[in-house]
Amino acid sequence: FIIIVPLLTMKLFSDERRQHTEQLLLCAPVRLGAMVCGKFFAAYTVFAATFLLSSMAGWIPLYAYGEPNTSILLGNTVGILLIGAAFVAMGTFFSSLTESQLISALVTMFFIALLLLVSFFNNYISSAAVRTVLNWISIFSRFYDFSYGIFNFTSIFYYASIVFVFLFLTVRVFEKKRWD
C-alpha cells in the first residue's frame with residue numbers, strides 16, 4: 001500500500017496542474033464531482049484489478065491442499081479492497097493539492113504509513129483514552145473482522161466514509177480553484 005497507491009495516484013491531478021491543462025478540466029461541461037470520481041475510479045480500477053488477479057493466482061495453490069475457508073479468503077479480499085479505496089481517495093486528494101508528482105507521492109506515503117503505524121503503536125500507550133482514539137482512527141483495527149471472515153457493516157461504513165470525505169475535499173479544492 002505504501003508504495004503502489006501513491007504511484008497510482010501521484011499523477012491524477014498534479015500532472016494536470018503542471019502541464020497547465022487544469023483550466024480545461026475546470027471549464028469542461030462536466031460536474032467537478034463526476035470528474036473527481038472518474039479519476040478516482042480509474043486509479044481504483046487499476047489497483048483492484050491488479051490485486052484481484054494476483055490474489056486469485058495465489059488462491060489456486062490453496063485448493064491443492066484441500067478446501068480453504070472461503071469466508072476468510074473473501075473477507076480478506078473485501079477488506080483489502082476497502083482499505084485500497086480509502087488510500088486511493090487519500091492519494092487523489094493529495095494529488096489535487098500540488099503540481100509536483102513527487103510531493104504528492106511522498107505526502108500520500110506519509111499519511112498511509114501514519115495510518116498503518118497507528119495500530120502498531122497503540123499497544124505501547126498506557127492511557128486508555130488515547131488508545132481509544134487511536135483505535136478509532138486506525139485502519140487495521142477495522143480490518144481484523146474481515147481477516148476472520150466477519151463482514152462488519154460499521155467497518156464498511158468507516159472505509160466508505162473515508163473515501164467520501166477525501167473525494168469531497170478534492171471537489172472542494174477544485175471548486176475553490178474555479179472561483180479564484
# chains A, B, ... in the order shown; residues from 1 in each chain; ligands from 1

$ residues_around --residues "Phe93 in chain A" --least-positions-apart "4" --cutoff "12 Å" --atoms "only C-alpha atoms" --output "PyMOL selection string"
chain A and resi 6+9-14+36-37+39-40+86-89+97-98+104-105+107-108+111+162-174

$ write_last_selection --atoms "N, CA, C and O atoms" --output "compact mmCIF listing (two decimals), in the first residue's frame"
# COMPACT_ATOMS: atom_id res chain seq x y z
N PRO A 6 0.49 5.42 -3.79
CA PRO A 6 0.99 6.75 -4.18
C PRO A 6 1.48 6.80 -5.63
O PRO A 6 1.31 7.83 -6.29
N THR A 9 -1.64 7.24 -7.78
CA THR A 9 -2.41 8.48 -7.65
C THR A 9 -1.61 9.76 -7.80
O THR A 9 -2.20 10.83 -7.89
N MET A 10 -0.30 9.67 -7.85
CA MET A 10 0.51 10.89 -7.83
C MET A 10 0.30 11.74 -9.07
O MET A 10 0.50 12.95 -9.04
N LYS A 11 -0.14 11.16 -10.15
CA LYS A 11 -0.25 11.89 -11.40
C LYS A 11 -1.68 12.30 -11.73
O LYS A 11 -1.91 13.00 -12.70
N LEU A 12 -2.64 11.92 -10.90
CA LEU A 12 -4.04 12.14 -11.25
C LEU A 12 -4.35 13.61 -11.53
O LEU A 12 -4.87 13.96 -12.59
N PHE A 13 -4.06 14.48 -10.59
CA PHE A 13 -4.34 15.90 -10.77
C PHE A 13 -3.10 16.76 -10.80
O PHE A 13 -3.12 17.85 -11.37
N SER A 14 -2.02 16.30 -10.17
CA SER A 14 -0.81 17.13 -10.14
C SER A 14 -0.23 17.32 -11.53
O SER A 14 0.31 18.39 -11.85
N VAL A 36 -13.84 14.21 -10.56
CA VAL A 36 -13.05 13.64 -9.47
C VAL A 36 -13.36 12.16 -9.32
O VAL A 36 -12.43 11.34 -9.18
N CYS A 37 -14.62 11.79 -9.38
CA CYS A 37 -14.99 10.37 -9.26
C CYS A 37 -14.44 9.56 -10.43
O CYS A 37 -14.03 8.40 -10.25
N LYS A 39 -11.63 10.12 -12.13
CA LYS A 39 -10.21 9.88 -11.91
C LYS A 39 -9.98 8.91 -10.76
O LYS A 39 -9.08 8.07 -10.81
N PHE A 40 -10.80 9.02 -9.71
CA PHE A 40 -10.68 8.09 -8.58
C PHE A 40 -10.96 6.66 -9.04
O PHE A 40 -10.19 5.74 -8.74
N ALA A 86 -9.90 3.52 0.29
CA ALA A 86 -9.64 4.65 1.18
C ALA A 86 -8.30 5.29 0.85
O ALA A 86 -8.19 6.53 0.80
N PHE A 87 -7.28 4.49 0.61
CA PHE A 87 -5.96 5.04 0.32
C PHE A 87 -5.91 5.71 -1.06
O PHE A 87 -5.23 6.72 -1.24
N VAL A 88 -6.62 5.17 -2.04
CA VAL A 88 -6.66 5.81 -3.36
C VAL A 88 -7.38 7.15 -3.27
O VAL A 88 -6.97 8.13 -3.91
N ALA A 89 -8.43 7.24 -2.46
CA ALA A 89 -9.12 8.52 -2.27
C ALA A 89 -8.19 9.53 -1.61
O ALA A 89 -8.19 10.72 -1.98
N LEU A 97 -3.64 18.84 -4.52
CA LEU A 97 -3.10 19.97 -3.76
C LEU A 97 -1.81 20.54 -4.32
O LEU A 97 -1.45 21.67 -4.00
N THR A 98 -1.10 19.79 -5.14
CA THR A 98 0.22 20.23 -5.58
C THR A 98 0.41 19.91 -7.05
O THR A 98 -0.28 19.06 -7.61
N SER A 104 3.31 14.91 -4.11
CA SER A 104 2.04 14.20 -3.95
C SER A 104 2.27 12.77 -3.49
O SER A 104 1.59 12.29 -2.57
N ALA A 105 3.22 12.09 -4.10
CA ALA A 105 3.51 10.70 -3.73
C ALA A 105 4.08 10.63 -2.31
O ALA A 105 3.69 9.75 -1.53
N VAL A 107 3.69 12.77 0.24
CA VAL A 107 2.67 13.10 1.25
C VAL A 107 1.70 11.93 1.40
O VAL A 107 1.31 11.57 2.52
N THR A 108 1.32 11.31 0.28
CA THR A 108 0.44 10.15 0.36
C THR A 108 1.12 9.00 1.09
O THR A 108 0.50 8.34 1.94
N PHE A 111 1.06 9.76 4.91
CA PHE A 111 -0.23 9.58 5.57
C PHE A 111 -0.66 8.12 5.61
O PHE A 111 -1.26 7.67 6.59
N ILE A 162 -14.36 7.37 4.67
CA ILE A 162 -13.04 7.91 4.34
C ILE A 162 -12.97 8.26 2.85
O ILE A 162 -12.50 9.33 2.47
N VAL A 163 -13.47 7.35 2.02
CA VAL A 163 -13.50 7.61 0.58
C VAL A 163 -14.33 8.86 0.29
O VAL A 163 -13.90 9.76 -0.45
N PHE A 164 -15.51 8.94 0.87
CA PHE A 164 -16.39 10.08 0.63
C PHE A 164 -15.76 11.39 1.09
O PHE A 164 -15.79 12.39 0.36
N VAL A 165 -15.17 11.41 2.27
CA VAL A 165 -14.59 12.65 2.80
C VAL A 165 -13.44 13.14 1.92
O VAL A 165 -13.37 14.33 1.58
N PHE A 166 -12.55 12.24 1.52
CA PHE A 166 -11.42 12.69 0.72
C PHE A 166 -11.83 13.08 -0.70
O PHE A 166 -11.27 14.03 -1.27
N LEU A 167 -12.82 12.41 -1.28
CA LEU A 167 -13.30 12.83 -2.59
C LEU A 167 -14.06 14.16 -2.48
O LEU A 167 -13.96 15.02 -3.36
N PHE A 168 -14.80 14.35 -1.40
CA PHE A 168 -15.48 15.61 -1.15
C PHE A 168 -14.48 16.75 -1.02
O PHE A 168 -14.67 17.83 -1.59
N LEU A 169 -13.40 16.51 -0.28
CA LEU A 169 -12.36 17.54 -0.12
C LEU A 169 -11.69 17.85 -1.46
O LEU A 169 -11.34 19.01 -1.73
N THR A 170 -11.51 16.84 -2.29
CA THR A 170 -10.92 17.06 -3.61
C THR A 170 -11.83 17.92 -4.47
O THR A 170 -11.36 18.85 -5.15
N VAL A 171 -13.12 17.67 -4.42
CA VAL A 171 -14.08 18.51 -5.16
C VAL A 171 -14.02 19.94 -4.64
O VAL A 171 -14.05 20.89 -5.42
N ARG A 172 -13.92 20.11 -3.33
CA ARG A 172 -13.85 21.45 -2.75
C ARG A 172 -12.58 22.18 -3.18
O ARG A 172 -12.61 23.40 -3.39
N VAL A 173 -11.48 21.46 -3.33
CA VAL A 173 -10.25 22.09 -3.82
C VAL A 173 -10.47 22.65 -5.21
O VAL A 173 -10.07 23.79 -5.52
N PHE A 174 -11.14 21.89 -6.06
CA PHE A 174 -11.36 22.37 -7.43
C PHE A 174 -12.44 23.43 -7.51
O PHE A 174 -12.39 24.31 -8.37

$ residues_around --residues "range 113-119 of chain A" --least-positions-apart "5" --cutoff "8 Å" --atoms "only C-alpha atoms" --output "PDB file with N, CA and C atoms, in the first residue's frame"
ATOM      1  N   ILE A   2       1.916   1.242   0.754  1.00  0.00           N
ATOM      2  CA  ILE A   2       2.704   2.456   0.926  1.00  0.00           C
ATOM      3  C   ILE A   2       3.402   2.861  -0.374  1.00  0.00           C
ATOM      4  N   LEU A 134      -6.925   6.394  19.153  1.00  0.00           N
ATOM      5  CA  LEU A 134      -6.071   5.807  18.117  1.00  0.00           C
ATOM      6  C   LEU A 134      -6.700   4.568  17.501  1.00  0.00           C
ATOM      7  N   ASN A 135      -7.412   3.797  18.287  1.00  0.00           N
ATOM      8  CA  ASN A 135      -8.115   2.630  17.763  1.00  0.00           C
ATOM      9  C   ASN A 135      -9.240   3.055  16.829  1.00  0.00           C
ATOM     10  N   ILE A 137      -9.176   5.749  14.943  1.00  0.00           N
ATOM     11  CA  ILE A 137      -8.547   6.263  13.728  1.00  0.00           C
ATOM     12  C   ILE A 137      -7.915   5.133  12.913  1.00  0.00           C
ATOM     13  N   SER A 138      -7.470   4.091  13.560  1.00  0.00           N
ATOM     14  CA  SER A 138      -6.665   3.048  12.945  1.00  0.00           C
ATOM     15  C   SER A 138      -7.386   2.348  11.794  1.00  0.00           C
ATOM     16  N   ILE A 139      -6.641   2.143  10.734  1.00  0.00           N
ATOM     17  CA  ILE A 139      -7.165   1.423   9.580  1.00  0.00           C
ATOM     18  C   ILE A 139      -7.226  -0.073   9.874  1.00  0.00           C
ATOM     19  N   PHE A 140      -6.203  -0.597  10.548  1.00  0.00           N
ATOM     20  CA  PHE A 140      -6.142  -2.033  10.808  1.00  0.00           C
ATOM     21  C   PHE A 140      -7.149  -2.525  11.836  1.00  0.00           C
ATOM     22  N   SER A 141      -7.531  -1.684  12.774  1.00  0.00           N
ATOM     23  CA  SER A 141      -8.476  -2.153  13.798  1.00  0.00           C
ATOM     24  C   SER A 141      -9.809  -2.553  13.180  1.00  0.00           C
TER      25      SER A 141
END

$ residues_around --residues "Glu16 in chain A" --least-positions-apart "6" --cutoff "9 Å" --atoms "only C-alpha atoms" --output "MDAnalysis selection string"
chainID A and resid 22:23 25 99

$ closest_residue --among "A:Leu8, A:Thr77, A:Phe110, A:Ile103" --to "Thr45 in chain A" --atoms "only C-alpha atoms"
A:Leu8

$ select_by_dssp --residues "chain A" --states "helix (DSSP H, G or I)" --output "MDAnalysis selection string"
chainID A and resid 4:9 14:18 22:27 32:64 70:97 101:124 128:137 140:147 153:179

$ residues_around --residues "Leu26 in chain A" --least-positions-apart "6" --cutoff "9 Å" --atoms "only C-alpha atoms" --output "PyMOL selection string"
chain A and resi 32+174-175+177-178

$ write_last_selection --atoms "all heavy atoms" --output "JSON list (two decimals), in the first residue's frame"
[["chain", "number", "residue", "atom", "x", "y", "z"],
["A", 32, "LEU", "N", -17.76, 18.84, -11.39],
["A", 32, "LEU", "CA", -16.49, 18.57, -10.72],
["A", 32, "LEU", "C", -16.53, 17.23, -9.99],
["A", 32, "LEU", "O", -15.54, 16.50, -9.97],
["A", 32, "LEU", "CB", -16.15, 19.69, -9.74],
["A", 32, "LEU", "CG", -15.80, 21.03, -10.36],
["A", 32, "LEU", "CD1", -15.58, 22.07, -9.27],
["A", 32, "LEU", "CD2", -14.58, 20.90, -11.22],
["A", 174, "PHE", "N", -11.14, 21.89, -6.06],
["A", 174, "PHE", "CA", -11.36, 22.37, -7.43],
["A", 174, "PHE", "C", -12.44, 23.43, -7.51],
["A", 174, "PHE", "O", -12.39, 24.31, -8.37],
["A", 174, "PHE", "CB", -11.68, 21.19, -8.36],
["A", 174, "PHE", "CG", -10.45, 20.45, -8.76],
["A", 174, "PHE", "CD1", -10.16, 19.22, -8.19],
["A", 174, "PHE", "CD2", -9.55, 20.98, -9.64],
["A", 174, "PHE", "CE1", -9.01, 18.55, -8.52],
["A", 174, "PHE", "CE2", -8.39, 20.32, -10.00],
["A", 174, "PHE", "CZ", -8.13, 19.10, -9.43],
["A", 175, "GLU", "N", -13.42, 23.40, -6.62],
["A", 175, "GLU", "CA", -14.39, 24.49, -6.60],
["A", 175, "GLU", "C", -13.74, 25.79, -6.18],
["A", 175, "GLU", "O", -14.06, 26.85, -6.71],
["A", 175, "GLU", "CB", -15.55, 24.15, -5.65],
["A", 175, "GLU", "CG", -16.55, 23.22, -6.28],
["A", 175, "GLU", "CD", -17.75, 22.98, -5.39],
["A", 175, "GLU", "OE1", -17.79, 23.48, -4.24],
["A", 175, "GLU", "OE2", -18.66, 22.27, -5.84],
["A", 177, "LYS", "N", -10.62, 26.55, -6.74],
["A", 177, "LYS", "CA", -9.80, 26.98, -7.87],
["A", 177, "LYS", "C", -10.66, 27.56, -8.99],
["A", 177, "LYS", "O", -10.24, 28.46, -9.71],
["A", 177, "LYS", "CB", -9.00, 25.81, -8.43],
["A", 177, "LYS", "CG", -7.88, 25.37, -7.52],
["A", 177, "LYS", "CD", -7.17, 24.18, -8.10],
["A", 177, "LYS", "CE", -6.17, 23.65, -7.11],
["A", 177, "LYS", "NZ", -5.52, 22.44, -7.59],
["A", 178, "ARG", "N", -11.86, 27.04, -9.12],
["A", 178, "ARG", "CA", -12.74, 27.52, -10.18],
["A", 178, "ARG", "C", -13.13, 28.98, -9.94],
["A", 178, "ARG", "O", -13.27, 29.75, -10.88],
["A", 178, "ARG", "CB", -14.00, 26.66, -10.24],
["A", 178, "ARG", "CG", -14.95, 27.08, -11.34],
["A", 178, "ARG", "CD", -16.15, 26.20, -11.37],
["A", 178, "ARG", "NE", -15.87, 25.10, -12.27],
["A", 178, "ARG", "CZ", -16.76, 24.14, -12.54],
["A", 178, "ARG", "NH1", -17.94, 24.14, -11.97],
["A", 178, "ARG", "NH2", -16.45, 23.18, -13.37]]

$ atom_distance --atom1 "CA of Arg142 in chain A" --atom2 "CA of Ile156 in chain A"
8.5 Å

$ atom_distance --atom1 "CA of Phe153 in chain A" --atom2 "CA of Gly79 in chain A"
11.4 Å

$ atom_distance --atom1 "CA of Leu24 in chain A" --atom2 "CA of Val46 in chain A"
24.6 Å
